[in-house]
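> Take a look at the following structure, please.
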Amino acid sequence: MDMDDASSNMAAPPPPDENLFLGPQGLRPGWRVLVFALLFIVFDVILIGGAVLLGLPVRVRGHELSPLLMAVPEGSTFLAALGAAGVMSVGERRAMGAYGLPLAQAFRGQFWRGALWGFAALTALLAALRATGSFDFGAVALHGSALVQAAASWAAVFVLVGFAEEYLVRGYALVTLARGVGFWPAAIILSIIFGGMHLGNTGENALGALSAGLIGLFFCFTVRRTGHLWFAVGFHFLWDYSETFLYSVPDSGMVPRHTLLSSSFHGSHWLTGGSVGPEGSLLVFPLIAILFWLFARFQPEVKFSAA
């Protein structure tokens, strides 16, 4: 081989599957997730800016939760994630339902099964804390129309939370990243990000963020076994609703107002979770392990496909 041939071979571009940006199916999955994230940020800024112009509350103040304070930022998160996924679906020529929320499954069996699991799991955790003498359920603190209004408004906002957080982290991002690096590496990466997002909450700590990340990994597991997000959305909704409204305890470091019970914690922060709430309790970790085990038995078939 002469020098001209050698130079020609060295200058030849790499084949598509060796290109940093492009693979056999076009833009590589990692870059697609980055584009999705950038689109989400743009849409979220636009939506939050519009809310500010309308005089709506756009962030939780301090460490207190109320439905009104949560509604705008959570709604913005979901709409921005939906918009970003919509743009990507057009470019990828895929149906929106491929990213985790098929309309045919909307609010059907898996959603309500997830809700039941979320309620049962949170109830079991607080019952265990009650058995140790670390938690009291207290008395009913709301009555009449105030009770009805609070119950309905908290339910509405936590359905929104379930959609917003699940679709942002485990919708387009999980489906697409799994195509590039495999399901479990993608699930672990996104669960670490999900746990880290909780560190922005006032009253949160590293233990609470770790438990949030592991619960996020469990949600990824439910997506793998069901093929979509509806179970995870239902679980997320009723876990948070039970934690915040029904049992009236701190939720990831945030303290709820206008809730059902006058409950209280006592004793070691290792058991109670301290300012984090029960998600920061050491008892949440065996609970998450039990959830993995039970769900693997009840839902043995893998239905997830990133193709």
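Identifiers in this document derive from the order of the structure tokens: chains are assigned A, B, ..., residues are numbered from 1 separately in each chain, and ligands are numbered from 1 in order of occurrence.
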DSSP on the backbone, strand (DSSP E or B) only: what residues of range 103-254 of chain A does that give? Format it as number ranges by chain.

A: 135-136, 140, 251, 254

> May I have the residues within 7 Å of Ala80 in chain A as an mmCIF file with N, CA and C atoms, in the first residue's frame, using only C-alpha atoms and disregarding those fewer than 3 positions away in the same chain?


data_model
loop_
_atom_site.group_PDB
_atom_site.id
_atom_site.type_symbol
_atom_site.label_atom_id
_atom_site.label_comp_id
_atom_site.auth_asym_id
_atom_site.auth_seq_id
_atom_site.Cartn_x
_atom_site.Cartn_y
_atom_site.Cartn_z
ATOM 1 N N PHE A 40 -37.776 20.249 27.032
ATOM 2 C CA PHE A 40 -38.556 20.329 28.271
ATOM 3 C C PHE A 40 -38.270 21.629 29.009
ATOM 4 N N PHE A 43 -39.918 24.613 27.171
ATOM 5 C CA PHE A 43 -41.373 24.636 27.359
ATOM 6 C C PHE A 43 -41.741 24.986 28.797
ATOM 7 N N ASP A 44 -40.982 24.442 29.748
ATOM 8 C CA ASP A 44 -41.272 24.705 31.161
ATOM 9 C C ASP A 44 -41.069 26.184 31.492
ATOM 10 N N SER A 76 -47.116 22.475 34.949
ATOM 11 C CA SER A 76 -46.130 22.927 33.974
ATOM 12 C C SER A 76 -45.155 21.813 33.626
ATOM 13 N N THR A 77 -44.710 21.068 34.639
ATOM 14 C CA THR A 77 -43.784 19.961 34.408
ATOM 15 C C THR A 77 -44.386 18.931 33.462
ATOM 16 N N GLY A 83 -45.106 18.088 25.838
ATOM 17 C CA GLY A 83 -44.767 18.833 24.642
ATOM 18 C C GLY A 83 -43.443 18.405 24.052
ATOM 19 N N ALA A 84 -42.446 18.209 24.912
ATOM 20 C CA ALA A 84 -41.128 17.777 24.432
ATOM 21 C C ALA A 84 -41.212 16.397 23.799
#

> Given the choices A:Val72, A:Leu103, A:Leu260, A:Ile288, which gets closest to Leu229 in chain A if the distance is worked out from only C-alpha atoms?

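With only C-alpha atoms as the atom set, the closest residue is A:Leu103.
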
> Neighbours of Leu142 in chain A within 8 Å (only C-alpha atoms; same-chain residues fewer than 3 positions away dropped), as an MDAnalysis selection string?

chainID A and resid 146:147 258:261

> Write the residues of the preceding selection, restricted to N, CA and C atoms, as a PDB file, in the first residue's frame.


ATOM      1  N   ALA A 146     -64.962  21.644  54.521  1.00  0.00           N
ATOM      2  CA  ALA A 146     -63.503  21.797  54.486  1.00  0.00           C
ATOM      3  C   ALA A 146     -62.830  20.463  54.194  1.00  0.00           C
ATOM      4  N   LEU A 147     -63.376  19.389  54.751  1.00  0.00           N
ATOM      5  CA  LEU A 147     -62.837  18.051  54.514  1.00  0.00           C
ATOM      6  C   LEU A 147     -63.025  17.652  53.054  1.00  0.00           C
ATOM      7  N   HIS A 258     -53.772  21.721  55.752  1.00  0.00           N
ATOM      8  CA  HIS A 258     -55.157  21.366  55.442  1.00  0.00           C
ATOM      9  C   HIS A 258     -55.272  19.873  55.144  1.00  0.00           C
ATOM     10  N   THR A 259     -54.925  19.058  56.140  1.00  0.00           N
ATOM     11  CA  THR A 259     -54.917  17.609  55.960  1.00  0.00           C
ATOM     12  C   THR A 259     -55.879  16.937  56.933  1.00  0.00           C
ATOM     13  N   LEU A 260     -56.085  15.627  56.749  1.00  0.00           N
ATOM     14  CA  LEU A 260     -57.138  14.901  57.453  1.00  0.00           C
ATOM     15  C   LEU A 260     -56.864  14.708  58.942  1.00  0.00           C
ATOM     16  N   LEU A 261     -55.638  14.332  59.287  1.00  0.00           N
ATOM     17  CA  LEU A 261     -55.333  13.936  60.663  1.00  0.00           C
ATOM     18  C   LEU A 261     -54.351  14.884  61.344  1.00  0.00           C
TER      19      LEU A 261
END

> Between CA of Pro73 in chain A and CA of Ala164 in chain A, what is the distance, to one decimal in Å?

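It comes out at 9.4 Å.
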
> Could you name the residues that touch range 86-98 of chain A at 10 Å or less, counting only C-alpha atoms, but leaving out those on the same chain fewer than 5 positions away, as a list of chain:residue names?

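The neighbour list is A:Gln25, A:Gly26, A:Leu27, A:Arg32, A:Val33, A:Val35, A:Phe36, A:Leu39, A:Ala80, A:Ala81, A:Leu103, A:Ala104, A:Gln105, A:Gly171, A:Tyr172, A:Val175, A:Gly227, A:His228, A:Ser305, A:Ala306, A:Ala307.
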
> Near Leu246 in chain A, counting only C-alpha atoms, which residues have an atom at most 10 Å away, once you skip same-chain residues fewer than 4 positions from it, shown as a ChimeraX atom specification?

/A:119,123,137,140,151,154,238-242,259-261,263

> Going by DSSP on the backbone, which bits of range 32-280 of chain A are helix (DSSP H, G or I)? Write them as a ChimeraX atom specification, please.

/A:32-53,67-92,96-99,103-105,109-131,144-170,172-181,183-200,206-226,230-246,269-272,274-276,278-280

> Rounded to one decimal in Å, what is the spacing between CA of Arg225 in chain A and CA of Phe295 in chain A?

8.6 Å

> Using only C-alpha atoms, which of the listed residues (A:Trp31, A:Phe194, A:Phe265, A:Phe163) sits closest to Leu129 in chain A?

A:Phe265

> Applying 7 Å and only C-alpha atoms, which residues near Ser275 in chain A remain after dropping the ones on its own chain fewer than 3 positions away? List them as a list in words.

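What passes the distance filter is Gly203, Glu204, Pro250 and Gly253 of chain A.
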
> Can you spit out the residues from that selection as a compact mmCIF listing (two decimals), in the first residue's frame, using N, CA and C atoms?


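This is the output file again_34.txt:
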# COMPACT_ATOMS: atom_id res chain seq x y z
N GLY A 203 -35.83 20.46 53.77
CA GLY A 203 -36.11 19.40 54.74
C GLY A 203 -35.70 18.02 54.26
N GLU A 204 -35.30 17.88 52.98
CA GLU A 204 -34.85 16.60 52.44
C GLU A 204 -33.41 16.35 52.89
N PRO A 250 -44.98 14.54 56.77
CA PRO A 250 -44.12 15.19 55.78
C PRO A 250 -43.86 14.30 54.56
N GLY A 253 -39.64 15.89 52.82
CA GLY A 253 -39.18 17.11 53.45
C GLY A 253 -40.18 18.25 53.45

> Given only C-alpha atoms as the basis, pick out the residue of A:Cys220, A:Leu282, A:Leu174, A:Ile41 nearest to Trp270 in chain A.

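Checking each candidate against Trp270 in chain A, we get A:Leu282 as the closest.
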